[in-house]
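*Asks:* Sharing target10.pdb, PDB, C-alpha atoms:
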ATOM      1  CA  MET A   1      93.360 -15.504 -17.828
ATOM      2  CA  HIS A   2      96.154 -15.897 -20.328
ATOM      3  CA  PHE A   3      97.510 -19.079 -21.898
ATOM      4  CA  ALA A   4     100.549 -19.838 -24.038
ATOM      5  CA  VAL A   5     100.290 -22.420 -26.810
ATOM      6  CA  ALA A   6     103.313 -24.048 -28.446
ATOM      7  CA  ILE A   7     103.237 -23.971 -32.252
ATOM      8  CA  ASP A   8     105.550 -26.149 -34.358
ATOM      9  CA  GLY A   9     103.528 -26.882 -37.480
ATOM     10  CA  SER A  10     102.733 -30.501 -36.575
ATOM     11  CA  THR A  11      99.226 -31.975 -36.569
ATOM     12  CA  GLU A  12      99.506 -32.402 -32.806
ATOM     13  CA  SER A  13     100.362 -28.745 -32.354
ATOM     14  CA  ASP A  14      97.312 -27.842 -34.483
ATOM     15  CA  ARG A  15      95.192 -29.916 -32.127
ATOM     16  CA  ALA A  16      96.767 -28.248 -29.089
ATOM     17  CA  LEU A  17      95.956 -24.881 -30.676
ATOM     18  CA  ASP A  18      92.333 -25.894 -31.356
ATOM     19  CA  HIS A  19      92.006 -27.085 -27.777
ATOM     20  CA  ALA A  20      93.520 -23.887 -26.360
ATOM     21  CA  VAL A  21      91.295 -21.749 -28.621
ATOM     22  CA  GLU A  22      88.197 -23.609 -27.453
ATOM     23  CA  LEU A  23      89.164 -23.222 -23.802
ATOM     24  CA  ALA A  24      90.124 -19.560 -24.223
ATOM     25  CA  SER A  25      86.896 -18.707 -26.006
ATOM     26  CA  THR A  26      84.789 -20.470 -23.344
ATOM     27  CA  ALA A  27      86.760 -19.014 -20.441
ATOM     28  CA  GLY A  28      87.199 -15.559 -22.007
ATOM     29  CA  ALA A  29      90.974 -15.945 -21.825
ATOM     30  CA  ALA A  30      93.709 -14.480 -24.049
ATOM     31  CA  LEU A  31      96.200 -16.605 -25.986
ATOM     32  CA  THR A  32      99.813 -16.177 -27.022
ATOM     33  CA  ALA A  33     100.996 -18.447 -29.833
ATOM     34  CA  VAL A  34     104.675 -19.246 -29.253
ATOM     35  CA  HIS A  35     107.241 -20.750 -31.592
ATOM     36  CA  SER A  36     110.864 -21.330 -30.687
ATOM     37  CA  VAL A  37     113.376 -21.025 -33.522
ATOM     38  CA  ASP A  38     115.672 -24.005 -33.184
ATOM     39  CA  PRO A  39     117.153 -24.896 -36.583
ATOM     40  CA  ASP A  40     116.566 -28.535 -37.443
ATOM     41  CA  VAL A  41     118.576 -31.138 -39.206
ATOM     42  CA  TYR A  42     116.397 -32.786 -41.832
ATOM     43  CA  ASP A  43     116.870 -36.178 -43.385
ATOM     44  CA  THR A  44     115.611 -36.048 -46.958
ATOM     45  CA  GLY A  45     114.777 -39.731 -46.808
ATOM     46  CA  GLY A  46     115.686 -43.163 -48.081
ATOM     47  CA  ALA A  47     115.082 -46.641 -46.728
ATOM     48  CA  GLU A  48     118.721 -47.451 -45.921
ATOM     49  CA  PRO A  49     120.973 -45.444 -43.621
ATOM     50  CA  PRO A  50     123.512 -43.350 -45.570
ATOM     51  CA  ALA A  51     126.550 -45.476 -46.446
ATOM     52  CA  ASP A  52     129.319 -42.898 -46.122
ATOM     53  CA  ARG A  53     130.150 -39.282 -45.452
ATOM     54  CA  ALA A  54     129.239 -38.141 -48.970
ATOM     55  CA  ALA A  55     125.872 -39.856 -48.732
ATOM     56  CA  TYR A  56     125.229 -38.080 -45.409
ATOM     57  CA  ASP A  57     126.014 -34.713 -46.994
ATOM     58  CA  ASP A  58     123.561 -35.450 -49.791
ATOM     59  CA  ARG A  59     120.783 -36.439 -47.476
ATOM     60  CA  LEU A  60     120.979 -34.239 -44.439
ATOM     61  CA  ILE A  61     120.069 -30.584 -44.675
ATOM     62  CA  VAL A  62     120.727 -28.218 -41.828
ATOM     63  CA  GLU A  63     118.120 -25.503 -41.855
ATOM     64  CA  SER A  64     119.568 -21.984 -41.684
ATOM     65  CA  VAL A  65     118.469 -19.657 -38.899
ATOM     66  CA  ASP A  66     116.884 -17.348 -41.497
ATOM     67  CA  ASP A  67     114.822 -20.183 -42.936
ATOM     68  CA  ALA A  68     113.837 -21.363 -39.469
ATOM     69  CA  GLU A  69     112.810 -17.815 -38.556
ATOM     70  CA  ARG A  70     110.684 -17.403 -41.659
ATOM     71  CA  ARG A  71     109.077 -20.782 -41.099
ATOM     72  CA  GLY A  72     108.303 -19.856 -37.469
ATOM     73  CA  GLU A  73     106.782 -16.534 -38.490
ATOM     74  CA  ARG A  74     104.582 -18.257 -41.062
ATOM     75  CA  LEU A  75     103.391 -20.825 -38.517
ATOM     76  CA  LEU A  76     102.624 -18.111 -35.990
ATOM     77  CA  GLU A  77     100.678 -16.060 -38.550
ATOM     78  CA  ARG A  78      98.530 -19.080 -39.337
ATOM     79  CA  ALA A  79      97.954 -19.785 -35.627
ATOM     80  CA  VAL A  80      96.974 -16.164 -34.939
ATOM     81  CA  GLU A  81      94.539 -16.200 -37.871
ATOM     82  CA  ARG A  82      92.964 -19.393 -36.605
ATOM     83  CA  ALA A  83      92.518 -18.103 -33.041
ATOM     84  CA  ALA A  84      91.368 -14.639 -34.100
ATOM     85  CA  GLY A  85      88.882 -16.293 -36.467
ATOM     86  CA  ALA A  86      87.346 -17.978 -33.415
ATOM     87  CA  GLY A  87      87.029 -14.596 -31.703
ATOM     88  CA  VAL A  88      89.878 -15.127 -29.244
ATOM     89  CA  GLU A  89      92.227 -12.315 -28.234
ATOM     90  CA  VAL A  90      95.590 -13.557 -29.505
ATOM     91  CA  ASP A  91      99.172 -12.448 -30.119
ATOM     92  CA  ALA A  92     102.365 -14.231 -31.130
ATOM     93  CA  GLU A  93     105.934 -14.510 -29.891
ATOM     94  CA  LEU A  94     108.995 -15.861 -31.666
ATOM     95  CA  LEU A  95     111.587 -17.266 -29.261
ATOM     96  CA  TYR A  96     115.098 -18.581 -29.919
ATOM     97  CA  GLY A  97     116.497 -21.846 -28.597
ATOM     98  CA  ASP A  98     115.377 -25.224 -27.365
ATOM     99  CA  PRO A  99     111.603 -25.005 -26.803
ATOM    100  CA  VAL A 100     111.870 -27.232 -23.724
ATOM    101  CA  ARG A 101     113.757 -24.371 -22.057
ATOM    102  CA  THR A 102     112.347 -21.273 -23.791
ATOM    103  CA  LEU A 103     108.619 -22.083 -23.561
ATOM    104  CA  PRO A 104     108.330 -22.487 -19.773
ATOM    105  CA  GLU A 105     110.628 -19.465 -19.229
ATOM    106  CA  PHE A 106     108.558 -17.269 -21.506
ATOM    107  CA  ALA A 107     105.205 -18.378 -20.096
ATOM    108  CA  SER A 108     106.346 -17.827 -16.508
ATOM    109  CA  ALA A 109     107.869 -14.424 -17.298
ATOM    110  CA  GLU A 110     104.648 -13.354 -19.035
ATOM    111  CA  GLY A 111     102.593 -14.419 -16.042
ATOM    112  CA  CYS A 112     100.612 -16.971 -18.069
ATOM    113  CA  ASP A 113      98.133 -19.245 -16.289
ATOM    114  CA  GLY A 114      99.028 -22.318 -18.296
ATOM    115  CA  ILE A 115     100.762 -23.818 -21.340
ATOM    116  CA  PHE A 116      99.248 -25.970 -24.113
ATOM    117  CA  VAL A 117     101.487 -28.303 -26.041
ATOM    118  CA  GLY A 118     100.926 -31.107 -28.563
ATOM    119  CA  HIS A 119     102.354 -34.586 -28.208
ATOM    120  CA  ARG A 120     103.115 -37.131 -30.908
ATOM    121  CA  GLY A 121     102.270 -40.207 -28.889
ATOM    122  CA  LEU A 122     105.497 -42.097 -29.391
ATOM    123  CA  SER A 123     106.406 -45.379 -27.802
ATOM    124  CA  GLU A 124     108.794 -45.379 -24.882
ATOM    125  CA  ALA A 125     111.623 -46.589 -27.116
ATOM    126  CA  GLN A 126     111.008 -43.978 -29.831
ATOM    127  CA  GLU A 127     110.782 -41.278 -27.220
ATOM    128  CA  ARG A 128     114.110 -42.257 -25.668
ATOM    129  CA  VAL A 129     115.740 -41.607 -29.044
ATOM    130  CA  LEU A 130     113.749 -38.641 -30.325
ATOM    131  CA  GLY A 131     112.953 -36.928 -27.050
ATOM    132  CA  SER A 132     109.697 -35.171 -26.419
ATOM    133  CA  VAL A 133     109.142 -31.435 -26.210
ATOM    134  CA  ALA A 134     105.867 -32.057 -24.372
ATOM    135  CA  LYS A 135     107.534 -34.124 -21.692
ATOM    136  CA  GLY A 136     110.411 -31.694 -21.337
ATOM    137  CA  VAL A 137     107.990 -28.794 -20.913
ATOM    138  CA  VAL A 138     105.969 -30.743 -18.331
ATOM    139  CA  GLU A 139     109.161 -31.484 -16.403
ATOM    140  CA  ARG A 140     110.451 -27.920 -16.427
ATOM    141  CA  SER A 141     107.359 -25.773 -16.179
ATOM    142  CA  SER A 142     106.147 -24.534 -12.836
ATOM    143  CA  LEU A 143     102.870 -23.615 -14.586
ATOM    144  CA  PRO A 144     100.126 -26.127 -15.357
ATOM    145  CA  VAL A 145     100.744 -27.774 -18.742
ATOM    146  CA  THR A 146      98.019 -29.359 -20.879
ATOM    147  CA  VAL A 147      99.380 -32.027 -23.219
ATOM    148  CA  VAL A 148      97.111 -32.651 -26.233
ATOM    149  CA  ARG A 149      97.349 -35.644 -28.569
TER
ATOM    150  CA  MET B   1      84.093 -28.147 -23.203
ATOM    151  CA  TYR B   2      85.047 -30.274 -20.204
ATOM    152  CA  GLU B   3      82.217 -32.379 -18.813
ATOM    153  CA  ASP B   4      84.043 -35.163 -17.013
ATOM    154  CA  ILE B   5      87.442 -34.469 -15.468
ATOM    155  CA  LEU B   6      89.501 -37.301 -13.999
ATOM    156  CA  VAL B   7      91.989 -36.805 -11.171
ATOM    157  CA  PRO B   8      93.957 -39.973 -10.430
ATOM    158  CA  THR B   9      95.015 -39.613  -6.805
ATOM    159  CA  ASP B  10      97.408 -41.218  -4.385
ATOM    160  CA  GLY B  11      96.828 -38.734  -1.593
ATOM    161  CA  SER B  12     100.150 -36.946  -2.331
ATOM    162  CA  ALA B  13     100.790 -33.186  -2.465
ATOM    163  CA  GLY B  14     100.984 -33.402  -6.262
ATOM    164  CA  ALA B  15      97.597 -35.112  -6.471
ATOM    165  CA  SER B  16      96.179 -32.526  -4.103
ATOM    166  CA  ALA B  17      97.401 -29.658  -6.322
ATOM    167  CA  ALA B  18      95.879 -31.488  -9.304
ATOM    168  CA  LEU B  19      92.569 -31.818  -7.464
ATOM    169  CA  ASP B  20      92.445 -28.062  -6.767
ATOM    170  CA  GLU B  21      93.040 -27.318 -10.454
ATOM    171  CA  ALA B  22      90.396 -29.874 -11.484
ATOM    172  CA  ILE B  23      87.831 -28.385  -9.092
ATOM    173  CA  ASP B  24      88.519 -24.871 -10.457
ATOM    174  CA  LEU B  25      88.013 -26.066 -14.033
ATOM    175  CA  ALA B  26      84.947 -28.117 -13.134
ATOM    176  CA  ALA B  27      83.381 -25.088 -11.437
ATOM    177  CA  GLN B  28      84.022 -23.025 -14.565
ATOM    178  CA  PHE B  29      82.654 -25.600 -17.000
ATOM    179  CA  ASP B  30      79.994 -27.136 -14.771
ATOM    180  CA  ALA B  31      81.798 -30.471 -15.044
ATOM    181  CA  THR B  32      81.947 -33.527 -12.804
ATOM    182  CA  VAL B  33      85.204 -34.365 -11.019
ATOM    183  CA  HIS B  34      86.058 -38.071 -10.957
ATOM    184  CA  SER B  35      88.693 -39.062  -8.422
ATOM    185  CA  LEU B  36      90.305 -42.443  -8.873
ATOM    186  CA  TYR B  37      92.598 -44.226  -6.454
ATOM    187  CA  VAL B  38      94.402 -47.246  -7.854
ATOM    188  CA  VAL B  39      95.862 -49.737  -5.393
ATOM    189  CA  ASP B  40      99.032 -50.860  -7.177
ATOM    190  CA  ILE B  41      98.931 -54.635  -7.225
ATOM    191  CA  ASN B  42     102.629 -54.726  -8.200
ATOM    192  CA  ALA B  43     103.638 -52.808  -5.093
ATOM    193  CA  THR B  44     102.196 -55.485  -2.843
ATOM    194  CA  SER B  45     103.736 -58.923  -2.560
ATOM    195  CA  THR B  46     101.984 -62.212  -3.108
ATOM    196  CA  GLU B  47     103.218 -63.520   0.247
ATOM    197  CA  SER B  48     100.759 -64.203   3.023
ATOM    198  CA  GLY B  49      99.515 -60.929   4.403
ATOM    199  CA  ALA B  50      99.150 -59.430   0.930
ATOM    200  CA  VAL B  51      95.371 -59.634   1.146
ATOM    201  CA  ASP B  52      95.387 -57.651   4.389
ATOM    202  CA  LEU B  53      97.790 -55.154   2.844
ATOM    203  CA  ILE B  54      95.599 -54.663  -0.227
ATOM    204  CA  GLU B  55      92.574 -54.222   2.021
ATOM    205  CA  SER B  56      94.355 -51.563   4.048
ATOM    206  CA  PHE B  57      95.373 -49.733   0.850
ATOM    207  CA  GLU B  58      91.780 -49.977  -0.382
ATOM    208  CA  GLN B  59      90.593 -48.453   2.886
ATOM    209  CA  ARG B  60      93.112 -45.633   2.488
ATOM    210  CA  GLY B  61      91.895 -45.197  -1.105
ATOM    211  CA  GLU B  62      88.302 -44.850   0.082
ATOM    212  CA  ASP B  63      89.390 -42.181   2.586
ATOM    213  CA  VAL B  64      91.316 -40.284  -0.093
ATOM    214  CA  VAL B  65      88.478 -40.269  -2.669
ATOM    215  CA  ASP B  66      85.932 -39.370   0.040
ATOM    216  CA  ALA B  67      88.081 -36.397   1.066
ATOM    217  CA  ALA B  68      88.350 -35.376  -2.614
ATOM    218  CA  ALA B  69      84.568 -35.555  -3.067
ATOM    219  CA  GLU B  70      84.125 -33.449   0.043
ATOM    220  CA  ARG B  71      86.502 -30.757  -1.239
ATOM    221  CA  ALA B  72      84.656 -30.713  -4.558
ATOM    222  CA  SER B  73      81.222 -30.421  -2.989
ATOM    223  CA  GLU B  74      82.447 -27.560  -0.756
ATOM    224  CA  ALA B  75      83.242 -25.759  -4.029
ATOM    225  CA  GLY B  76      79.786 -26.638  -5.362
ATOM    226  CA  VAL B  77      81.172 -29.143  -7.858
ATOM    227  CA  ASP B  78      79.712 -32.594  -8.573
ATOM    228  CA  ALA B  79      82.132 -35.377  -7.744
ATOM    229  CA  VAL B  80      82.347 -39.144  -7.869
ATOM    230  CA  GLY B  81      85.104 -41.369  -6.514
ATOM    231  CA  SER B  82      86.309 -44.906  -7.182
ATOM    232  CA  VAL B  83      88.921 -47.221  -5.788
ATOM    233  CA  VAL B  84      90.241 -50.040  -7.969
ATOM    234  CA  THR B  85      93.039 -52.543  -7.509
ATOM    235  CA  GLY B  86      95.355 -53.200 -10.425
ATOM    236  CA  LYS B  87      98.019 -51.470 -12.483
ATOM    237  CA  PRO B  88      97.810 -47.674 -12.077
ATOM    238  CA  TYR B  89      98.355 -46.330 -15.582
ATOM    239  CA  ARG B  90      96.385 -49.148 -17.260
ATOM    240  CA  ASP B  91      93.423 -48.629 -14.902
ATOM    241  CA  ILE B  92      93.567 -44.857 -15.409
ATOM    242  CA  LEU B  93      93.384 -45.286 -19.211
ATOM    243  CA  ASP B  94      90.545 -47.815 -18.855
ATOM    244  CA  TYR B  95      88.668 -45.401 -16.625
ATOM    245  CA  VAL B  96      89.095 -42.640 -19.236
ATOM    246  CA  ASP B  97      87.598 -44.893 -21.933
ATOM    247  CA  ASP B  98      84.798 -46.307 -19.801
ATOM    248  CA  ASN B  99      83.588 -42.999 -18.384
ATOM    249  CA  GLY B 100      83.868 -40.605 -21.308
ATOM    250  CA  ILE B 101      86.559 -38.559 -19.549
ATOM    251  CA  ASP B 102      87.616 -35.494 -21.562
ATOM    252  CA  LEU B 103      90.509 -34.263 -19.412
ATOM    253  CA  VAL B 104      92.921 -35.950 -17.009
ATOM    254  CA  VAL B 105      94.574 -33.765 -14.359
ATOM    255  CA  MET B 106      97.715 -35.122 -12.694
ATOM    256  CA  GLY B 107     100.424 -33.870 -10.354
ATOM    257  CA  THR B 108     104.171 -33.699 -11.035
ATOM    258  CA  HIS B 109     107.112 -33.399  -8.678
ATOM    259  CA  GLY B 110     109.263 -30.372  -7.879
ATOM    260  CA  ARG B 111     111.481 -28.722 -10.435
ATOM    261  CA  THR B 112     114.812 -28.498  -8.685
ATOM    262  CA  GLY B 113     117.827 -30.756  -9.077
ATOM    263  CA  LEU B 114     117.291 -34.373  -9.907
ATOM    264  CA  GLU B 115     113.588 -34.211  -9.121
ATOM    265  CA  ARG B 116     113.069 -32.193 -12.276
ATOM    266  CA  TYR B 117     113.812 -35.298 -14.293
ATOM    267  CA  LEU B 118     111.657 -37.587 -12.233
ATOM    268  CA  LEU B 119     108.273 -36.925 -13.725
ATOM    269  CA  GLY B 120     106.635 -39.766 -11.883
ATOM    270  CA  SER B 121     106.289 -42.926 -13.884
ATOM    271  CA  VAL B 122     102.494 -43.061 -13.794
ATOM    272  CA  THR B 123     102.073 -39.443 -14.912
ATOM    273  CA  GLU B 124     104.745 -39.975 -17.582
ATOM    274  CA  LYS B 125     102.954 -43.045 -18.986
ATOM    275  CA  VAL B 126      99.552 -41.361 -18.967
ATOM    276  CA  VAL B 127     100.930 -38.242 -20.709
ATOM    277  CA  ARG B 128     102.514 -40.457 -23.347
ATOM    278  CA  THR B 129      99.584 -42.784 -23.984
ATOM    279  CA  ALA B 130      96.256 -41.113 -23.125
ATOM    280  CA  ASP B 131      94.022 -40.162 -26.054
ATOM    281  CA  VAL B 132      92.513 -37.236 -24.148
ATOM    282  CA  PRO B 133      94.358 -34.074 -23.047
ATOM    283  CA  VAL B 134      96.384 -34.408 -19.855
ATOM    284  CA  LEU B 135      96.819 -31.353 -17.637
ATOM    285  CA  THR B 136      99.874 -31.612 -15.383
ATOM    286  CA  VAL B 137     100.122 -29.543 -12.234
ATOM    287  CA  ARG B 138     103.271 -28.949 -10.213
ATOM    288  CA  ALA B 139     103.102 -29.755  -6.515
ATOM    289  CA  PRO B 140     103.978 -26.745  -4.362
ATOM    290  CA  GLU B 141     107.659 -26.840  -3.385
ATOM    291  CA  ASP B 142     107.850 -27.111   0.345
ATOM    292  CA  ASP B 143     110.819 -29.380   0.849
ATOM    293  CA  GLY B 144     113.460 -26.781  -0.127
TER
END
What do you get writing this file as structure tokens?
*Replies:*
Amino acid sequence: MHFAVAIDGSTESDRALDHAVELASTAGAALTAVHSVDPDVYDTGGAEPPADRAAYDDRLIVESVDDAERRGERLLERAVERAAGAGVEVDAELLYGDPVRTLPEFASAEGCDGIFVGHRGLSEAQERVLGSVAKGVVERSSLPVTVVR
Amino acid sequence: MYEDILVPTDGSAGASAALDEAIDLAAQFDATVHSLYVVDINATSTESGAVDLIESFEQRGEDVVDAAAERASEAGVDAVGSVVTGKPYRDILDYVDDNGIDLVVMGTHGRTGLERYLLGSVTEKVVRTADVPVLTVRAPEDDG
């Protein structure tokens, strides 16, 4: 058996990884840690919304593809170390694009038996605004998906 | 790692695919499969006749969980079944808490066209709010 686990650096994704590692080590399965490079827009913070265009430029940082790639590689290295440390056969794959699309495609193409993904546990209203990778993957994947909180 | 696996069921193809997956996992981990049928109180009216309707749904629920237990025992897996009447996702979460469930397995719809976006409101709510991992299984596509 072979499972894919989505890695994005969040606490929830760490928990999904731990869960997948535990299952893989019990079931004698192999793991592939997967991260999709999808440059983010970051808000550097502040209690009030930015007042004008200049304030937006000061606060919002668009991550470059290079930075996003390096970050993804770092996250994958950590995930591989963690799984290998538990004695699980593991490799890593860096994908490019929206994880909701790339993860299910990759896992199906690789003939995986299932996908593990973390979930933030947002309210319905928050989720309508922010979206949810977990939910998107569940909706699009033809493989079984385990959502871990 | 899994000792008690819950499969909420409504007798649909999705729930049936979820049950197969749950039985496979339970066999591997020597776990117990819990099947739960919730009669949706909101789907029945409060008009006269509602009591009969709820009773007929409860009877159907008993048949569905009995069939699930039978499939599990054919695979050599321990199974228990319950039928409750209430609000599906709320009762599923309560069952998880009350019975020390460590994995919920649920079905989803097909992946083509509009259906792709219709996750099923009960599955969607459970995925979003359950504290334990939720394994979602796609129903086989047989309707083209």
*Asks:* Could you list, as a list of chain:residue names, every residue within 8 Å of segment 118-125 of chain A, counting only C-alpha atoms and ignoring same-chain residues fewer than 5 positions away?
*Replies:*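 Skipping anything fewer than 5 positions along the chain leaves A:Ala6, A:Glu12, A:Ser13, A:Asp14, A:Arg15, A:Ala16, A:Ser132, A:Val133, A:Ala134, A:Val147, A:Val148, A:Arg149, B:Arg128, B:Thr129.
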*Asks:* For the selection you just gave me, I'd like the residues written to a file as a PDB file, in the coordinates of the input, keeping C-alpha atoms.
*Replies:*
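Resulting contents of again.pdb:
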ATOM      1  CA  ALA A   6     103.313 -24.048 -28.446  1.00  0.00           C
ATOM      2  CA  GLU A  12      99.506 -32.402 -32.806  1.00  0.00           C
ATOM      3  CA  SER A  13     100.362 -28.745 -32.354  1.00  0.00           C
ATOM      4  CA  ASP A  14      97.312 -27.842 -34.483  1.00  0.00           C
ATOM      5  CA  ARG A  15      95.192 -29.916 -32.127  1.00  0.00           C
ATOM      6  CA  ALA A  16      96.767 -28.248 -29.089  1.00  0.00           C
ATOM      7  CA  SER A 132     109.697 -35.171 -26.419  1.00  0.00           C
ATOM      8  CA  VAL A 133     109.142 -31.435 -26.210  1.00  0.00           C
ATOM      9  CA  ALA A 134     105.867 -32.057 -24.372  1.00  0.00           C
ATOM     10  CA  VAL A 147      99.380 -32.027 -23.219  1.00  0.00           C
ATOM     11  CA  VAL A 148      97.111 -32.651 -26.233  1.00  0.00           C
ATOM     12  CA  ARG A 149      97.349 -35.644 -28.569  1.00  0.00           C
TER      13      ARG A 149
ATOM     14  CA  ARG B 128     102.514 -40.457 -23.347  1.00  0.00           C
ATOM     15  CA  THR B 129      99.584 -42.784 -23.984  1.00  0.00           C
TER      16      THR B 129
END
*Asks:* Any chance you could resolve the PyMOL selection byres ((chain B) within 6 of (chain A)) against this file and give the residues as a ChimeraX atom specification?
*Replies:* /B:116,128,133-138
*Asks:* Give me, please, the distance in Å between atom CA of Glu63 of chain A and atom CA of Glu48 of chain A, quoted to one decimal.
*Replies:* 22.3 Å
*Asks:* Closest to Ala26 of chain B among B:Val83, B:Val127, B:Ile54, B:Met1, using all atoms listed in the file?
*Replies:*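 The answer is B:Met1, which sits nearest to Ala26 of chain B.
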*Asks:* Given the file shown, enumerate the residues that the PyMOL selection byres ((chain A and resi 99) around 10) captures and present them as a list in words.
*Replies:*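 When the PyMOL selection byres ((chain A and resi 99) around 10) is applied, the selected residues are Ala6, Asp8, Val34, His35, Ser36, Val37, Asp38, Leu95, Tyr96, Gly97, Asp98, Val100, Arg101, Thr102, Leu103, Pro104, Glu105, Phe106, Val133, Ala134, Gly136 and Val137 of chain A.
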*Asks:* Take the PyMOL selection byres ((chain B and resi 12) around 12), apply it to the structure above, and return the hits as a PyMOL selection string.
*Replies:* chain B and resi 8-11+13-19+37+61+64+68+106-109+120+138-140
*Asks:* Enter the distance from atom CA of Thr85 of chain B to atom CA of Asn42 of chain B, in Å, rounded to one decimal.
*Replies:*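 Between these atoms lies a distance of 9.9 Å.
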*Asks:* Distance atom CA of Gln59 of chain B-atom CA of Lys87 of chain B, one decimal place?
*Replies:*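 Calculated distance between atom CA of Gln59 of chain B and atom CA of Lys87 of chain B is 17.3 Å.
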*Asks:* Using only C-alpha atoms for the distances, tell me which of A:Pro49, A:Cys112, A:Val21, A:Gln126 is nearest to Ala84 of chain A.
*Replies:* A:Val21
*Asks:* Kindly indicate which residue among B:Asp78, B:Gly49, B:Leu93, B:Val39 lies nearest to Glu62 of chain B, using all atoms listed in the file for the distances.
*Replies:*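 Of B:Asp78, B:Gly49, B:Leu93, B:Val39, the one nearest Glu62 of chain B, counting all atoms listed in the file, is B:Val39.
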*Asks:* Could you give me, as a PyMOL selection string, the residues within 7 Å of Pro39 of chain A, counting only C-alpha atoms and dropping anything in the same chain fewer than 6 positions from it?
*Replies:* chain A and resi 63-65+68
*Asks:* As a ChimeraX atom specification, please: the residues near Phe3 of chain A (cut-off 8 Å, only C-alpha atoms, same-chain neighbours under 2 positions excluded).
*Replies:* /A:1,5,20,24,29-32,107,112-116
*Asks:* Since the input is missing atoms for segment 18-35 of chain A, could you rebuild it with N, CA and C atoms and give the result as a PDB file, keeping the file's coordinate frame?
*Replies:*
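selection.pdb, freshly written:
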ATOM      1  N   ASP A  18      93.807 -25.826 -31.343  1.00  0.00           N
ATOM      2  CA  ASP A  18      92.333 -25.894 -31.356  1.00  0.00           C
ATOM      3  C   ASP A  18      91.786 -26.016 -29.941  1.00  0.00           C
ATOM      4  N   HIS A  19      92.447 -26.862 -29.151  1.00  0.00           N
ATOM      5  CA  HIS A  19      92.006 -27.085 -27.777  1.00  0.00           C
ATOM      6  C   HIS A  19      92.139 -25.796 -26.960  1.00  0.00           C
ATOM      7  N   ALA A  20      93.278 -25.130 -27.101  1.00  0.00           N
ATOM      8  CA  ALA A  20      93.520 -23.887 -26.360  1.00  0.00           C
ATOM      9  C   ALA A  20      92.533 -22.801 -26.792  1.00  0.00           C
ATOM     10  N   VAL A  21      92.242 -22.744 -28.098  1.00  0.00           N
ATOM     11  CA  VAL A  21      91.295 -21.749 -28.621  1.00  0.00           C
ATOM     12  C   VAL A  21      89.907 -22.001 -28.034  1.00  0.00           C
ATOM     13  N   GLU A  22      89.510 -23.268 -27.990  1.00  0.00           N
ATOM     14  CA  GLU A  22      88.197 -23.609 -27.453  1.00  0.00           C
ATOM     15  C   GLU A  22      88.103 -23.217 -25.975  1.00  0.00           C
ATOM     16  N   LEU A  23      89.160 -23.551 -25.227  1.00  0.00           N
ATOM     17  CA  LEU A  23      89.164 -23.222 -23.802  1.00  0.00           C
ATOM     18  C   LEU A  23      89.163 -21.708 -23.599  1.00  0.00           C
ATOM     19  N   ALA A  24      90.008 -21.014 -24.368  1.00  0.00           N
ATOM     20  CA  ALA A  24      90.124 -19.560 -24.223  1.00  0.00           C
ATOM     21  C   ALA A  24      88.801 -18.880 -24.568  1.00  0.00           C
ATOM     22  N   SER A  25      88.132 -19.379 -25.612  1.00  0.00           N
ATOM     23  CA  SER A  25      86.896 -18.707 -26.006  1.00  0.00           C
ATOM     24  C   SER A  25      85.790 -18.983 -24.981  1.00  0.00           C
ATOM     25  N   THR A  26      85.776 -20.179 -24.386  1.00  0.00           N
ATOM     26  CA  THR A  26      84.789 -20.470 -23.344  1.00  0.00           C
ATOM     27  C   THR A  26      85.097 -19.699 -22.062  1.00  0.00           C
ATOM     28  N   ALA A  27      86.377 -19.625 -21.716  1.00  0.00           N
ATOM     29  CA  ALA A  27      86.760 -19.014 -20.441  1.00  0.00           C
ATOM     30  C   ALA A  27      87.019 -17.510 -20.568  1.00  0.00           C
ATOM     31  N   GLY A  28      86.921 -16.974 -21.798  1.00  0.00           N
ATOM     32  CA  GLY A  28      87.199 -15.559 -22.007  1.00  0.00           C
ATOM     33  C   GLY A  28      88.659 -15.218 -21.746  1.00  0.00           C
ATOM     34  N   ALA A  29      89.547 -16.157 -22.078  1.00  0.00           N
ATOM     35  CA  ALA A  29      90.974 -15.945 -21.825  1.00  0.00           C
ATOM     36  C   ALA A  29      91.683 -15.463 -23.097  1.00  0.00           C
ATOM     37  N   ALA A  30      92.876 -14.892 -22.911  1.00  0.00           N
ATOM     38  CA  ALA A  30      93.709 -14.480 -24.049  1.00  0.00           C
ATOM     39  C   ALA A  30      94.746 -15.562 -24.324  1.00  0.00           C
ATOM     40  N   LEU A  31      95.213 -15.606 -25.585  1.00  0.00           N
ATOM     41  CA  LEU A  31      96.200 -16.605 -25.986  1.00  0.00           C
ATOM     42  C   LEU A  31      97.450 -15.929 -26.542  1.00  0.00           C
ATOM     43  N   THR A  32      98.610 -16.557 -26.289  1.00  0.00           N
ATOM     44  CA  THR A  32      99.813 -16.177 -27.022  1.00  0.00           C
ATOM     45  C   THR A  32     100.336 -17.430 -27.724  1.00  0.00           C
ATOM     46  N   ALA A  33     100.424 -17.350 -29.052  1.00  0.00           N
ATOM     47  CA  ALA A  33     100.996 -18.447 -29.833  1.00  0.00           C
ATOM     48  C   ALA A  33     102.507 -18.278 -29.804  1.00  0.00           C
ATOM     49  N   VAL A  34     103.232 -19.340 -29.434  1.00  0.00           N
ATOM     50  CA  VAL A  34     104.675 -19.246 -29.253  1.00  0.00           C
ATOM     51  C   VAL A  34     105.385 -20.278 -30.119  1.00  0.00           C
ATOM     52  N   HIS A  35     106.406 -19.819 -30.842  1.00  0.00           N
ATOM     53  CA  HIS A  35     107.241 -20.750 -31.592  1.00  0.00           C
ATOM     54  C   HIS A  35     108.688 -20.470 -31.237  1.00  0.00           C
TER      55      HIS A  35
END
